[in-house]
Structure formats: structure tokens, C-alpha cells
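Text of the file input.cif, holding mmCIF, C-alpha atoms and all ligand atoms:
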data_coords
#
loop_
_atom_site.label_atom_id
_atom_site.label_comp_id
_atom_site.auth_asym_id
_atom_site.auth_seq_id
_atom_site.Cartn_x
_atom_site.Cartn_y
_atom_site.Cartn_z
CA MET A 1 -26.63 -2.17 -8.64
CA VAL A 2 -24.76 -3.44 -5.64
CA ARG A 3 -22.74 -6.52 -6.50
CA CYS A 4 -22.10 -9.07 -3.82
CA TYR A 5 -19.05 -11.28 -3.80
CA PRO A 6 -18.95 -14.53 -1.91
CA VAL A 7 -16.50 -13.77 0.88
CA ALA A 8 -15.35 -16.49 3.19
CA ILE A 9 -15.53 -14.94 6.66
CA MET A 10 -12.39 -15.97 8.45
CA HIS A 11 -12.39 -14.68 11.98
CA ALA A 12 -9.58 -15.21 14.43
CA THR A 13 -10.36 -18.58 15.92
CA HIS A 14 -7.47 -18.92 18.37
CA LEU A 15 -7.42 -22.63 17.61
CA THR A 16 -3.87 -23.89 17.33
CA GLU A 17 -3.25 -25.60 13.98
CA PRO A 18 -2.07 -29.18 14.10
CA ALA A 19 1.58 -29.15 13.01
CA ARG A 20 1.76 -29.39 9.22
CA THR A 21 3.89 -27.94 6.47
CA LEU A 22 2.84 -24.36 5.74
CA THR A 23 3.82 -22.30 2.70
CA LEU A 24 2.92 -18.61 2.73
CA LEU A 25 3.18 -15.66 0.40
CA GLY A 26 4.15 -12.46 2.20
CA LEU A 27 3.78 -8.85 1.00
CA GLU A 28 5.50 -5.73 2.38
CA SER A 29 4.93 -2.11 1.29
CA SER A 30 4.93 0.02 4.45
CA CYS A 31 7.78 2.39 3.60
CA ASP A 32 9.95 2.55 0.48
CA ASP A 33 10.49 -1.12 -0.40
CA THR A 34 7.96 -3.16 -2.38
CA ALA A 35 8.57 -6.79 -1.47
CA ALA A 36 7.08 -10.26 -1.91
CA ALA A 37 8.40 -13.58 -0.64
CA VAL A 38 7.44 -17.22 -0.28
CA VAL A 39 8.40 -18.98 2.95
CA ARG A 40 7.85 -22.63 3.85
CA ALA A 41 7.89 -24.13 7.34
CA VAL A 42 8.10 -27.88 7.82
CA PRO A 43 7.35 -28.98 11.41
CA GLY A 44 10.54 -29.70 13.33
CA GLN A 45 12.76 -28.03 10.70
CA ARG A 46 14.20 -24.56 10.19
CA ALA A 47 11.92 -22.52 7.89
CA GLU A 48 13.04 -22.04 4.31
CA ILE A 49 12.82 -18.84 2.26
CA LEU A 50 11.85 -20.15 -1.17
CA SER A 51 12.00 -16.70 -2.76
CA ALA A 52 12.34 -13.07 -1.73
CA LYS A 53 11.93 -10.15 -4.12
CA VAL A 54 12.41 -6.48 -3.23
CA ALA A 55 12.02 -3.40 -5.44
CA GLY A 56 13.54 -0.36 -3.73
CA GLN A 57 12.49 3.23 -4.43
CA THR A 58 15.67 5.08 -3.49
CA GLU A 59 16.00 6.82 -6.86
CA LEU A 60 12.37 7.96 -6.91
CA HIS A 61 12.81 9.85 -3.63
CA ALA A 62 16.47 10.86 -3.89
CA ARG A 63 15.95 14.44 -5.09
CA PHE A 64 13.41 15.14 -2.33
CA GLY A 65 15.79 14.20 0.50
CA GLY A 66 13.28 11.82 2.10
CA VAL A 67 10.46 9.40 1.32
CA VAL A 68 7.49 11.17 -0.35
CA PRO A 69 4.40 9.21 0.75
CA GLU A 70 2.32 9.76 -2.43
CA ILE A 71 5.18 8.76 -4.72
CA ALA A 72 5.84 5.71 -2.54
CA ALA A 73 2.18 4.61 -2.61
CA ARG A 74 1.97 4.90 -6.40
CA ALA A 75 5.19 2.96 -6.88
CA HIS A 76 3.96 0.21 -4.53
CA ALA A 77 0.69 -0.05 -6.44
CA GLU A 78 2.64 -0.40 -9.71
CA LYS A 79 5.16 -2.91 -8.41
CA LEU A 80 3.29 -5.19 -6.00
CA ASP A 81 1.78 -7.59 -8.53
CA LEU A 82 5.11 -7.78 -10.39
CA MET A 83 6.90 -8.70 -7.15
CA VAL A 84 4.24 -11.32 -6.35
CA GLU A 85 4.60 -12.87 -9.81
CA ALA A 86 8.40 -12.86 -9.51
CA ALA A 87 8.36 -14.37 -6.00
CA LEU A 88 5.97 -17.16 -7.02
CA ALA A 89 7.99 -17.85 -10.18
CA GLU A 90 11.26 -18.05 -8.26
CA ALA A 91 9.68 -20.43 -5.76
CA GLY A 92 8.34 -22.47 -8.71
CA MET A 93 4.84 -22.36 -7.24
CA ASP A 94 1.49 -20.75 -7.90
CA LEU A 95 -1.02 -19.08 -5.67
CA SER A 96 -3.14 -22.22 -5.33
CA GLU A 97 -0.22 -23.89 -3.52
CA MET A 98 -0.06 -21.22 -0.79
CA ASP A 99 -1.67 -21.92 2.60
CA ALA A 100 -2.37 -18.22 3.16
CA ILE A 101 -1.44 -14.70 2.11
CA ALA A 102 0.22 -12.49 4.74
CA VAL A 103 0.50 -8.74 4.32
CA THR A 104 1.85 -5.82 6.33
CA ALA A 105 -1.27 -4.05 7.62
CA GLY A 106 0.71 -1.35 9.51
CA PRO A 107 2.37 0.60 10.97
CA GLY A 108 3.76 2.66 8.11
CA LEU A 109 2.96 5.20 5.43
CA ILE A 110 -0.76 4.72 4.95
CA GLY A 111 -0.84 4.84 1.12
CA GLY A 112 1.77 2.10 0.84
CA VAL A 113 0.15 -0.07 3.51
CA MET A 114 -3.22 0.30 1.75
CA SER A 115 -1.67 -0.73 -1.59
CA GLY A 116 -0.36 -3.91 0.04
CA VAL A 117 -3.57 -4.72 1.89
CA MET A 118 -5.70 -4.19 -1.24
CA CYS A 119 -3.39 -6.36 -3.30
CA ALA A 120 -3.44 -9.14 -0.68
CA LYS A 121 -7.22 -8.97 -0.39
CA GLY A 122 -7.53 -9.35 -4.15
CA LEU A 123 -5.22 -12.36 -4.12
CA ALA A 124 -7.01 -13.94 -1.14
CA LEU A 125 -10.44 -13.36 -2.68
CA GLY A 126 -9.38 -14.68 -6.08
CA SER A 127 -7.69 -17.79 -4.70
CA GLY A 128 -9.95 -18.50 -1.71
CA LYS A 129 -6.89 -18.52 0.56
CA PRO A 130 -6.88 -17.10 4.10
CA LEU A 131 -5.70 -13.51 4.55
CA ILE A 132 -3.41 -12.61 7.47
CA GLY A 133 -2.68 -9.00 8.47
CA VAL A 134 0.78 -8.61 9.98
CA ASN A 135 2.30 -5.90 12.14
CA HIS A 136 5.49 -4.77 10.38
CA LEU A 137 7.33 -4.44 13.71
CA ALA A 138 6.37 -8.03 14.58
CA GLY A 139 8.04 -8.94 11.28
CA HIS A 140 11.34 -7.48 12.48
CA ALA A 141 10.87 -8.80 16.00
CA LEU A 142 10.18 -12.42 14.98
CA THR A 143 12.89 -12.64 12.29
CA PRO A 144 15.43 -14.38 14.59
CA ARG A 145 12.96 -17.28 14.82
CA LEU A 146 12.89 -17.53 11.03
CA THR A 147 16.68 -17.33 10.65
CA ASP A 148 17.88 -19.09 13.81
CA GLY A 149 14.87 -20.82 15.33
CA LEU A 150 15.34 -18.65 18.46
CA GLU A 151 13.10 -19.69 21.38
CA PHE A 152 10.98 -17.22 23.39
CA PRO A 153 11.61 -15.08 25.37
CA TYR A 154 14.31 -12.81 24.00
CA LEU A 155 15.16 -9.14 23.80
CA MET A 156 14.93 -7.35 20.47
CA LEU A 157 16.57 -4.04 19.58
CA LEU A 158 15.12 -2.46 16.45
CA VAL A 159 17.38 0.28 15.10
CA SER A 160 16.68 1.67 11.64
CA GLY A 161 15.71 4.84 9.83
CA GLY A 162 12.16 4.55 11.12
CA HIS A 163 12.33 2.45 14.27
CA CYS A 164 14.14 2.45 17.58
CA GLN A 165 12.88 0.36 20.44
CA PHE A 166 13.63 -2.44 22.87
CA LEU A 167 11.03 -5.20 22.92
CA VAL A 168 10.83 -8.29 25.06
CA VAL A 169 9.42 -10.89 22.69
CA ARG A 170 7.45 -13.36 24.83
CA SER A 171 5.44 -15.13 22.11
CA ALA A 172 4.33 -14.48 18.54
CA THR A 173 1.65 -12.18 19.93
CA GLU A 174 3.09 -10.81 23.19
CA PHE A 175 5.62 -8.00 23.14
CA THR A 176 6.66 -5.73 25.99
CA ARG A 177 8.23 -2.41 25.05
CA LEU A 178 11.00 -1.47 27.47
CA GLY A 179 11.86 1.86 25.87
CA GLY A 180 12.68 3.60 22.64
CA THR A 181 13.62 6.90 21.10
CA ILE A 182 11.70 9.96 22.21
CA ASP A 183 12.60 11.83 19.01
CA ASP A 184 14.62 10.71 15.95
CA ALA A 185 15.39 7.09 15.09
CA PRO A 186 19.16 6.45 15.01
CA GLY A 187 19.26 5.88 11.22
CA GLU A 188 17.50 9.19 10.76
CA ALA A 189 20.14 10.85 12.98
CA PHE A 190 22.92 9.24 10.90
CA ASP A 191 21.29 10.49 7.69
CA LYS A 192 20.77 14.05 8.97
CA THR A 193 24.25 14.23 10.50
CA ALA A 194 25.83 13.06 7.22
CA LYS A 195 24.03 15.89 5.45
CA LEU A 196 25.27 18.40 8.04
CA ILE A 197 28.90 17.46 7.53
CA GLY A 198 28.73 17.20 3.75
CA LEU A 199 28.54 13.43 3.28
CA LEU A 200 26.24 11.69 0.79
CA GLN A 201 23.11 9.61 1.53
CA PRO A 202 22.37 7.12 2.94
CA GLY A 203 24.24 8.69 5.81
CA GLY A 204 24.83 5.57 7.92
CA PRO A 205 27.30 3.76 5.66
CA MET A 206 28.93 7.09 4.68
CA ILE A 207 29.54 8.06 8.30
CA GLU A 208 30.85 4.58 9.10
CA GLN A 209 33.29 4.83 6.19
CA ALA A 210 34.46 8.37 7.08
CA ALA A 211 34.82 7.40 10.76
CA LEU A 212 37.40 4.75 9.86
CA SER A 213 39.99 7.50 9.52
CA GLY A 214 38.56 9.80 12.19
CA ASP A 215 39.37 10.55 15.83
CA ALA A 216 36.32 9.60 17.92
CA THR A 217 37.59 11.55 20.94
CA ARG A 218 38.16 14.92 19.24
CA PHE A 219 34.64 16.29 19.75
CA PRO A 220 33.14 15.67 23.20
CA LEU A 221 29.54 15.13 22.03
CA PRO A 222 26.78 14.45 24.57
CA ARG A 223 25.50 10.96 25.47
CA PRO A 224 21.78 11.89 25.60
CA LEU A 225 19.56 10.44 28.34
CA LEU A 226 22.31 8.31 29.88
CA ASP A 227 21.70 10.26 33.06
CA ARG A 228 18.04 9.25 32.98
CA GLU A 229 16.96 5.85 34.28
CA GLY A 230 15.41 3.33 31.96
CA CYS A 231 15.76 2.45 28.30
CA ASP A 232 14.46 5.55 26.51
CA MET A 233 16.82 7.22 24.05
CA SER A 234 17.14 10.53 22.23
CA PHE A 235 19.20 11.25 19.14
CA SER A 236 18.09 14.64 17.89
CA GLY A 237 20.24 16.62 20.39
CA LEU A 238 23.29 14.74 19.23
CA LYS A 239 22.71 15.92 15.71
CA THR A 240 22.36 19.51 16.97
CA ALA A 241 25.65 19.15 18.87
CA VAL A 242 27.34 18.10 15.60
CA LEU A 243 25.81 21.16 13.92
CA ARG A 244 27.29 23.46 16.63
CA ALA A 245 30.74 21.83 16.37
CA ARG A 246 30.60 22.20 12.58
CA ASP A 247 29.55 25.86 12.78
CA ALA A 248 32.34 26.63 15.27
CA LEU A 249 34.90 25.15 12.85
CA VAL A 250 33.43 27.04 9.89
CA ALA A 251 33.52 30.31 11.86
CA LYS A 252 37.15 29.68 12.85
CA GLN A 253 38.69 28.36 9.64
CA GLY A 254 36.16 29.21 6.92
CA GLY A 255 35.10 25.59 6.21
CA LEU A 256 35.65 21.94 7.04
CA TYR A 257 38.81 20.02 6.20
CA VAL A 258 38.38 16.35 5.27
CA GLN A 259 39.95 15.40 8.60
CA ASP A 260 37.34 17.51 10.43
CA GLN A 261 34.60 15.67 8.57
CA HIS A 262 36.09 12.29 9.52
CA ASP A 263 36.59 13.30 13.17
CA LEU A 264 33.00 14.58 13.41
CA ALA A 265 31.73 11.34 11.85
CA ALA A 266 33.78 9.22 14.27
CA SER A 267 32.72 11.29 17.31
CA PHE A 268 29.06 11.06 16.34
CA GLN A 269 29.22 7.32 15.70
CA ALA A 270 30.96 6.74 19.04
CA ALA A 271 28.23 8.67 20.87
CA VAL A 272 25.40 6.68 19.22
CA SER A 273 27.23 3.42 19.83
CA GLU A 274 27.83 4.20 23.51
CA VAL A 275 24.20 5.20 24.09
CA LEU A 276 22.89 2.05 22.39
CA ALA A 277 25.33 -0.16 24.31
CA GLU A 278 24.50 1.32 27.72
CA LYS A 279 20.74 1.25 27.11
CA THR A 280 21.07 -2.36 25.92
CA ARG A 281 22.92 -3.21 29.15
CA ARG A 282 19.95 -1.81 31.09
CA ALA A 283 17.35 -3.54 28.90
CA LEU A 284 19.11 -6.87 29.42
CA ARG A 285 19.20 -6.29 33.16
CA LEU A 286 15.50 -5.31 33.25
CA SER A 287 14.30 -8.16 31.07
CA GLY A 288 16.62 -10.93 32.25
CA ALA A 289 16.34 -12.26 28.68
CA PRO A 290 18.77 -15.06 27.76
CA ALA A 291 19.29 -13.72 24.21
CA ILE A 292 19.35 -10.41 22.37
CA ALA A 293 18.72 -9.93 18.66
CA VAL A 294 19.14 -6.76 16.61
CA ALA A 295 17.38 -5.68 13.41
CA GLY A 296 17.27 -2.62 11.19
CA GLY A 297 19.75 -0.94 8.87
CA VAL A 298 21.75 0.61 11.72
CA ALA A 299 22.54 -2.89 13.00
CA ALA A 300 24.83 -3.15 9.95
CA ASN A 301 27.23 -0.67 11.58
CA LYS A 302 30.31 -2.59 12.71
CA VAL A 303 31.20 -0.26 15.60
CA ILE A 304 27.64 -0.33 16.93
CA ARG A 305 27.39 -4.08 16.45
CA ALA A 306 30.70 -4.65 18.27
CA GLY A 307 29.48 -2.49 21.16
CA LEU A 308 26.29 -4.52 21.47
CA GLU A 309 28.15 -7.81 21.18
CA ALA A 310 30.50 -6.73 23.97
CA VAL A 311 27.54 -5.96 26.27
CA ALA A 312 26.00 -9.34 25.46
CA ALA A 313 29.31 -11.08 26.18
CA GLU A 314 29.63 -9.24 29.53
CA THR A 315 26.31 -10.66 30.63
CA GLU A 316 26.75 -14.06 28.93
CA THR A 317 23.74 -13.33 26.75
CA ARG A 318 23.42 -14.91 23.32
CA PHE A 319 23.75 -12.28 20.55
CA LEU A 320 22.02 -12.66 17.19
CA ALA A 321 22.07 -10.42 14.15
CA PRO A 322 20.13 -11.81 11.17
CA PRO A 323 21.74 -11.33 7.73
CA LEU A 324 21.37 -7.73 6.56
CA ALA A 325 18.79 -8.51 3.85
CA LEU A 326 16.54 -9.85 6.62
CA CYS A 327 17.41 -7.04 9.07
CA THR A 328 16.07 -4.39 6.71
CA ASP A 329 12.53 -4.26 5.29
CA ASN A 330 11.61 -7.46 3.44
CA ALA A 331 8.60 -9.71 2.84
CA ALA A 332 10.07 -13.00 4.12
CA MET A 333 9.64 -11.69 7.67
CA ILE A 334 5.99 -10.91 6.91
CA ALA A 335 5.37 -14.41 5.49
CA TRP A 336 7.06 -15.82 8.62
CA VAL A 337 4.77 -13.90 11.00
CA GLY A 338 1.90 -15.19 8.86
CA ILE A 339 3.11 -18.74 9.53
CA GLU A 340 3.36 -18.08 13.27
CA ARG A 341 -0.16 -16.59 13.32
CA LEU A 342 -1.67 -19.32 11.14
CA ARG A 343 -0.24 -21.91 13.53
CA LEU A 344 -2.15 -20.13 16.29
CA GLY A 345 -5.30 -20.05 14.19
CA LEU A 346 -5.14 -16.25 13.83
CA VAL A 347 -6.48 -15.24 10.44
CA ASP A 348 -8.29 -12.13 9.22
CA ASP A 349 -11.17 -11.45 6.88
CA MET A 350 -12.00 -8.86 4.23
CA THR A 351 -12.53 -6.20 6.91
CA LEU A 352 -8.76 -6.09 7.52
CA ALA A 353 -7.81 -2.40 7.68
CA ALA A 354 -4.51 -0.62 6.99
CA ARG A 355 -3.21 1.08 10.15
CA PRO A 356 -0.69 3.95 9.98
CA ARG A 357 0.03 3.52 13.72
CA TRP A 358 -0.01 0.16 15.41
CA PRO A 359 2.15 -0.25 18.50
CA LEU A 360 3.16 -3.83 19.22
CA ASP A 361 2.81 -3.28 22.91
CA SER A 362 -0.56 -1.57 23.32
CA THR A 363 0.02 -1.10 27.05
CA ALA A 364 3.18 1.03 26.62
CA PRO A 365 2.68 4.83 26.70
CA ALA A 366 2.69 6.45 23.25
CA MET A 367 6.04 7.97 22.30
CA LEU A 368 6.00 11.43 20.80
CA GLY A 369 7.54 11.57 17.36
CA SER A 370 9.38 8.29 17.70
CA GLY A 371 10.87 7.57 14.29
CA LYS A 372 9.80 10.34 11.95
CA LYS A 373 11.02 8.86 8.69
CA GLY A 374 7.80 6.95 8.26
CA ALA A 375 4.74 7.17 10.46
CA LYS A 376 5.89 4.26 12.57
CA ALA A 377 4.59 3.16 15.95
O1 LIG A 401 16.11 -0.76 8.13
P1 LIG A 401 16.43 0.20 7.05
O2 LIG A 401 17.05 -0.31 5.79
O3 LIG A 401 15.15 0.97 6.55
C1 LIG A 401 14.21 1.60 7.34
O4 LIG A 401 14.57 2.53 8.09
O5 LIG A 401 13.03 1.22 7.22
O6 LIG A 401 17.37 1.30 7.68
C2 LIG A 401 17.88 2.34 6.92
C3 LIG A 401 18.67 3.22 7.84
C4 LIG A 401 19.18 4.48 7.17
O7 LIG A 401 18.88 5.58 7.99
C5 LIG A 401 20.68 4.25 7.05
O8 LIG A 401 21.44 5.43 7.12
C6 LIG A 401 20.94 3.35 8.25
O9 LIG A 401 19.82 2.52 8.33
N1 LIG A 401 22.16 2.57 8.04
C7 LIG A 401 23.24 2.67 8.81
C8 LIG A 401 24.23 1.83 8.22
N2 LIG A 401 23.68 1.23 7.13
C9 LIG A 401 22.40 1.70 7.03
N3 LIG A 401 23.47 3.40 9.91
C10 LIG A 401 24.70 3.30 10.47
N4 LIG A 401 25.70 2.54 9.95
C11 LIG A 401 25.51 1.79 8.85
N5 LIG A 401 26.50 1.05 8.35
ZN ZN A 402 11.13 -1.82 9.06
#
Whole structure given in C-alpha cells:
Amino acid sequence: MVRCYPVAIMHATHLTEPARTLTLLGLESSCDDTAAAVVRAVPGQRAEILSAKVAGQTELHARFGGVVPEIAARAHAEKLDLMVEAALAEAGMDLSEMDAIAVTAGPGLIGGVMSGVMCAKGLALGSGKPLIGVNHLAGHALTPRLTDGLEFPYLMLLVSGGHCQFLVVRSATEFTRLGGTIDDAPGEAFDKTAKLIGLLQPGGPMIEQAALSGDATRFPLPRPLLDREGCDMSFSGLKTAVLRARDALVAKQGGLYVQDQHDLAASFQAAVSEVLAEKTRRALRLSGAPAIAVAGGVAANKVIRAGLEAVAAETETRFLAPPLALCTDNAAMIAWVGIERLRLGLVDDMTLAARPRWPLDSTAPAMLGSGKKGAKA
């Protein structure tokens, strides 16, 4: 027997909501963090994160040297409802008090995204609340509006283990991609380079630490694609250059001294920082944006951050870096995009599908292999 459930069909209406207080539950499960959060926006005031819960999966994947999609999906399915319960409890609210349920519907590892979308559909169906599918990259890109109330337009640089792109953010639904990596994401390059020179994971913080006592000028590593116009970047050749420098040292002296390790780390970090700074200079020039915001784990790097800040200062551009917990994957950013979309009358229905690939700027040419850690856009 086919059972029919009463489903409220909630198509995108494009009708702007009259300003009112909105409280949303957000869910995120596109890579290796299972997260739920409750965010409230009162008209005319800065939005408030009432709760934000994240369960990481680092230990589950550690021995495989990368995120294993099937393990990630299973862990999301196990943890999502627990995170939702915890987020609602911390906010002191229940589902009936939410105005809608927002969920990452892509891009990302498909099993994890499906776990989140199924969970959100169940919650929406059970509570009769609207369901809003959110692009994970829009979550990162709109975070400076949640944290700082930043006005459109602005330039966004996403730099993490899975993403690397410049976006001009024109509205909650209009993004123009100015360029991005054509191979590895920078965080991925940090992680792989750390492995090559015998440092632990995650490679980014380890390289930053080692570089503190290293000579950044000892190894003349390339600055990939600086000779090419535009804002595209490449990081995989840099990693190969580190491999060659390491092999030359091993051939000469039988191994790496600690100082070699630190000098390689510092030289690598300087190359990434210089490339990101120069490409940011170009993206600012191309976009004419009055502000630049950064997001992603790599934005935690102090040398890289200082390089970007210096470029912003040169051009008298406002520089924003949201707190780290909101720079990396989280559900508050998803709830916030839900609020922005609900205000525009953009809601979904039970046909909402999980999308492994979902570029924010559908007019930009597809990038081969950009960000291989997860199947990102
Ligand atoms: O945004 P994120 O937490 O997760 C996703 O990629 O989705 O970024 C993690 C990445 C890792 O590759 C990590 O090595 C890198 O960010 N990372 C850093 C630093 N902290 C984290 N890279 C450079 N310097 C850091 N201090
Ligand atoms: Zn992300």
C-alpha cells in the first residue's frame, strides 16, 4: 500500500517577508563536521547565535589519512539528531518555536549531505515548519553579515581544506566567482606538505608552528600562476617543489635535520602567503569592492592573514575575518543563510535534493579538480 503524507508544498515565492524576528535551526553535514545551531535575527539588530553544536570526526578518519565518505555519512546519520537536540536545549527552545529549518543541501560529500537533508525533511514534516536548502559555500560567503552586519557588495576569499575561491558577494543570492584554485585547495597543500616533511596532521597549524623558527628565504620555491593574469591559483606544484627540495637534502645528507624541516615549512608558507596576497590584490582591483572578508581554516594562519591585511590596507579596503569557529564549517552560517533566504521568501519543499556539486556562480566555467578534499564546487 502506498501511504500518502500531507505535505505542505512550499515553492519559492520570491515575496520579500515583512521584517519580523526570525529564529532558525540550521544543520550542516557536508564534510566531516556534524553541526546544528539556532540563530535569531531581530530586525534592525545584529543577529544572535543562540546555540551552536559541532561534533567533529577527526579521530574516525585519522588512520586513513583523509575523510572517508562512507564513514563520514554514517557518523552524520548517528549524530545529527543528537546535535539538533543539544542545539535546541542550549537555546532553551523547541522545534515549534523555529520559523524554519535550514540545511546544507550541497556541495559536499553526497552521503553526508543526504543525511542532513533527510534529517531536516523529517523535522520540517513533523513540525510543519518550512524547509530551506542552503548552499554550503553561501554559508561561508554570507558569514560576515552574521558576525559584522557587513553590507553588500564585498569580496570573499574562501581558503580551507576543500575550498579556494574569490567571490564577489552582491546579494544573498548573487555571487560572481573571480577565480580559484585549478588543483589543490591551500589547506590540502598545507596538509600534504606537512606529511612530506614529517610533520603531524592537521598540517596547517603544524607548518605555521615549525615556520616560526624557519628561514623563509632558504628554499626558492615557485609562486605558481603569478605570471598568469587573473585570480586563478595553483598549489599542487608548490607541494611537488617541496618534495624535490626534501629529496635533494635526503640524497645529500641522508635525512632532514629539524632546521631543514623548519626552513622548508617557512619557505612553503611564504610562497602560499605571497600567492594569496597578490591574487587578492588583483581580485580587489577587478571587483572594486569596498571590503574583503576571509573564511576557511587557512584564514587562521597569522602570516597569511597579515599578508591579506596588508593588501587591504594598501587599497584602503576594510578587512574582516570572522572568529575561527565561524570561519570553519559550522551550522550557524547555514541558519543565517536560511534567515536571508526566508526574508526573500525563498523556501523549498519536500523535493529538495542533495547536490554533490553546486557552484555558487553558475555562469563561471567549471574548475577541474578544485578542492579535492571533499567533492566541493
Ligand atoms: O575550513 P576547515 O576547518 O575545513 C574544511 O576544509 O572544510 O579547514 C581545514 C584546513 C586544513 O587543511 C588545515 O590544515 C588548514 O585548514 N589550516 C591551516 C591552519 N589551520 C588550519 N592552514 C594554515 N595555517 C593554519 N594555521
Ligand atoms: Zn566549508
Exercise for the section: Could you give me the residues within 6 Å of ligand LIG 401 (chain A), counting all atoms listed in the file, as JSON, numbers by chain? Expected result: {"A": [160, 161, 162, 187, 188, 190, 191, 202, 203, 204, 205, 208, 296, 297, 298, 300, 301, 328, 329]}
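CA of Pro43 in chain A sits 6.1 Å away from CA of Thr21 in chain A.
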Handout entry: Selected residue, from A:Pro130, A:Pro220, A:Pro186, A:Pro290, that lies nearest to Val347 in chain A when counting only C-alpha atoms
Key =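 When distances to Val347 in chain A are compared using only C-alpha atoms, the smallest one comes from A:Pro130.
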Exercise for the section: Have a look at CA of Thr315 in chain A and CA of Gln209 in chain A and let me know their distance in Å, one decimal. Expected result: 29.8 Å
Practice task
For ligand ZN 402 (chain A), collect every residue having any atom at a distance of at most 12 Å from a ligand atom (counting only C-alpha atoms and all ligand atoms); output as number ranges by chain.
Solution key: A: 28-35, 104, 106-109, 135-141, 143, 158-165, 185, 187, 295-298, 325-331, 333-334, 371, 373-377
Go ahead and save the residues from that selection, with C-alpha atoms, as an mmCIF file, in the frame of the given file.
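Resulting contents of out-v7.cif:
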data_model
loop_
_atom_site.group_PDB
_atom_site.id
_atom_site.type_symbol
_atom_site.label_atom_id
_atom_site.label_comp_id
_atom_site.auth_asym_id
_atom_site.auth_seq_id
_atom_site.Cartn_x
_atom_site.Cartn_y
_atom_site.Cartn_z
ATOM 1 C CA GLU A 28 5.500 -5.730 2.380
ATOM 2 C CA SER A 29 4.930 -2.110 1.290
ATOM 3 C CA SER A 30 4.930 0.020 4.450
ATOM 4 C CA CYS A 31 7.780 2.390 3.600
ATOM 5 C CA ASP A 32 9.950 2.550 0.480
ATOM 6 C CA ASP A 33 10.490 -1.120 -0.400
ATOM 7 C CA THR A 34 7.960 -3.160 -2.380
ATOM 8 C CA ALA A 35 8.570 -6.790 -1.470
ATOM 9 C CA THR A 104 1.850 -5.820 6.330
ATOM 10 C CA GLY A 106 0.710 -1.350 9.510
ATOM 11 C CA PRO A 107 2.370 0.600 10.970
ATOM 12 C CA GLY A 108 3.760 2.660 8.110
ATOM 13 C CA LEU A 109 2.960 5.200 5.430
ATOM 14 C CA ASN A 135 2.300 -5.900 12.140
ATOM 15 C CA HIS A 136 5.490 -4.770 10.380
ATOM 16 C CA LEU A 137 7.330 -4.440 13.710
ATOM 17 C CA ALA A 138 6.370 -8.030 14.580
ATOM 18 C CA GLY A 139 8.040 -8.940 11.280
ATOM 19 C CA HIS A 140 11.340 -7.480 12.480
ATOM 20 C CA ALA A 141 10.870 -8.800 16.000
ATOM 21 C CA THR A 143 12.890 -12.640 12.290
ATOM 22 C CA LEU A 158 15.120 -2.460 16.450
ATOM 23 C CA VAL A 159 17.380 0.280 15.100
ATOM 24 C CA SER A 160 16.680 1.670 11.640
ATOM 25 C CA GLY A 161 15.710 4.840 9.830
ATOM 26 C CA GLY A 162 12.160 4.550 11.120
ATOM 27 C CA HIS A 163 12.330 2.450 14.270
ATOM 28 C CA CYS A 164 14.140 2.450 17.580
ATOM 29 C CA GLN A 165 12.880 0.360 20.440
ATOM 30 C CA ALA A 185 15.390 7.090 15.090
ATOM 31 C CA GLY A 187 19.260 5.880 11.220
ATOM 32 C CA ALA A 295 17.380 -5.680 13.410
ATOM 33 C CA GLY A 296 17.270 -2.620 11.190
ATOM 34 C CA GLY A 297 19.750 -0.940 8.870
ATOM 35 C CA VAL A 298 21.750 0.610 11.720
ATOM 36 C CA ALA A 325 18.790 -8.510 3.850
ATOM 37 C CA LEU A 326 16.540 -9.850 6.620
ATOM 38 C CA CYS A 327 17.410 -7.040 9.070
ATOM 39 C CA THR A 328 16.070 -4.390 6.710
ATOM 40 C CA ASP A 329 12.530 -4.260 5.290
ATOM 41 C CA ASN A 330 11.610 -7.460 3.440
ATOM 42 C CA ALA A 331 8.600 -9.710 2.840
ATOM 43 C CA MET A 333 9.640 -11.690 7.670
ATOM 44 C CA ILE A 334 5.990 -10.910 6.910
ATOM 45 C CA GLY A 371 10.870 7.570 14.290
ATOM 46 C CA LYS A 373 11.020 8.860 8.690
ATOM 47 C CA GLY A 374 7.800 6.950 8.260
ATOM 48 C CA ALA A 375 4.740 7.170 10.460
ATOM 49 C CA LYS A 376 5.890 4.260 12.570
ATOM 50 C CA ALA A 377 4.590 3.160 15.950
#
Incomplete range 184-195 of chain A brought to N, CA and C atoms, written out as a PDB file, keeping the file's coordinate frame:
ATOM      1  N   ASP A 184      14.217  11.340  17.218  1.00  0.00           N
ATOM      2  CA  ASP A 184      14.620  10.710  15.950  1.00  0.00           C
ATOM      3  C   ASP A 184      14.991   9.247  16.162  1.00  0.00           C
ATOM      4  N   ALA A 185      14.823   8.446  15.097  1.00  0.00           N
ATOM      5  CA  ALA A 185      15.390   7.090  15.090  1.00  0.00           C
ATOM      6  C   ALA A 185      16.885   7.238  14.774  1.00  0.00           C
ATOM      7  N   PRO A 186      17.713   6.299  15.211  1.00  0.00           N
ATOM      8  CA  PRO A 186      19.160   6.450  15.010  1.00  0.00           C
ATOM      9  C   PRO A 186      19.571   6.572  13.533  1.00  0.00           C
ATOM     10  N   GLY A 187      18.922   5.806  12.649  1.00  0.00           N
ATOM     11  CA  GLY A 187      19.260   5.880  11.220  1.00  0.00           C
ATOM     12  C   GLY A 187      18.977   7.270  10.678  1.00  0.00           C
ATOM     13  N   GLU A 188      17.881   7.831  11.157  1.00  0.00           N
ATOM     14  CA  GLU A 188      17.500   9.190  10.760  1.00  0.00           C
ATOM     15  C   GLU A 188      18.579  10.178  11.229  1.00  0.00           C
ATOM     16  N   ALA A 189      19.086   9.971  12.443  1.00  0.00           N
ATOM     17  CA  ALA A 189      20.140  10.850  12.980  1.00  0.00           C
ATOM     18  C   ALA A 189      21.422  10.686  12.155  1.00  0.00           C
ATOM     19  N   PHE A 190      21.747   9.456  11.757  1.00  0.00           N
ATOM     20  CA  PHE A 190      22.920   9.240  10.900  1.00  0.00           C
ATOM     21  C   PHE A 190      22.728   9.986   9.575  1.00  0.00           C
ATOM     22  N   ASP A 191      21.535   9.861   8.985  1.00  0.00           N
ATOM     23  CA  ASP A 191      21.290  10.490   7.690  1.00  0.00           C
ATOM     24  C   ASP A 191      21.376  12.021   7.780  1.00  0.00           C
ATOM     25  N   LYS A 192      20.763  12.581   8.828  1.00  0.00           N
ATOM     26  CA  LYS A 192      20.770  14.050   8.970  1.00  0.00           C
ATOM     27  C   LYS A 192      22.173  14.552   9.291  1.00  0.00           C
ATOM     28  N   THR A 193      22.894  13.806  10.129  1.00  0.00           N
ATOM     29  CA  THR A 193      24.250  14.230  10.500  1.00  0.00           C
ATOM     30  C   THR A 193      25.172  14.190   9.274  1.00  0.00           C
ATOM     31  N   ALA A 194      25.008  13.149   8.442  1.00  0.00           N
ATOM     32  CA  ALA A 194      25.830  13.060   7.220  1.00  0.00           C
ATOM     33  C   ALA A 194      25.616  14.312   6.369  1.00  0.00           C
ATOM     34  N   LYS A 195      24.359  14.704   6.242  1.00  0.00           N
ATOM     35  CA  LYS A 195      24.030  15.890   5.450  1.00  0.00           C
ATOM     36  C   LYS A 195      24.715  17.123   6.030  1.00  0.00           C
TER      37      LYS A 195
END
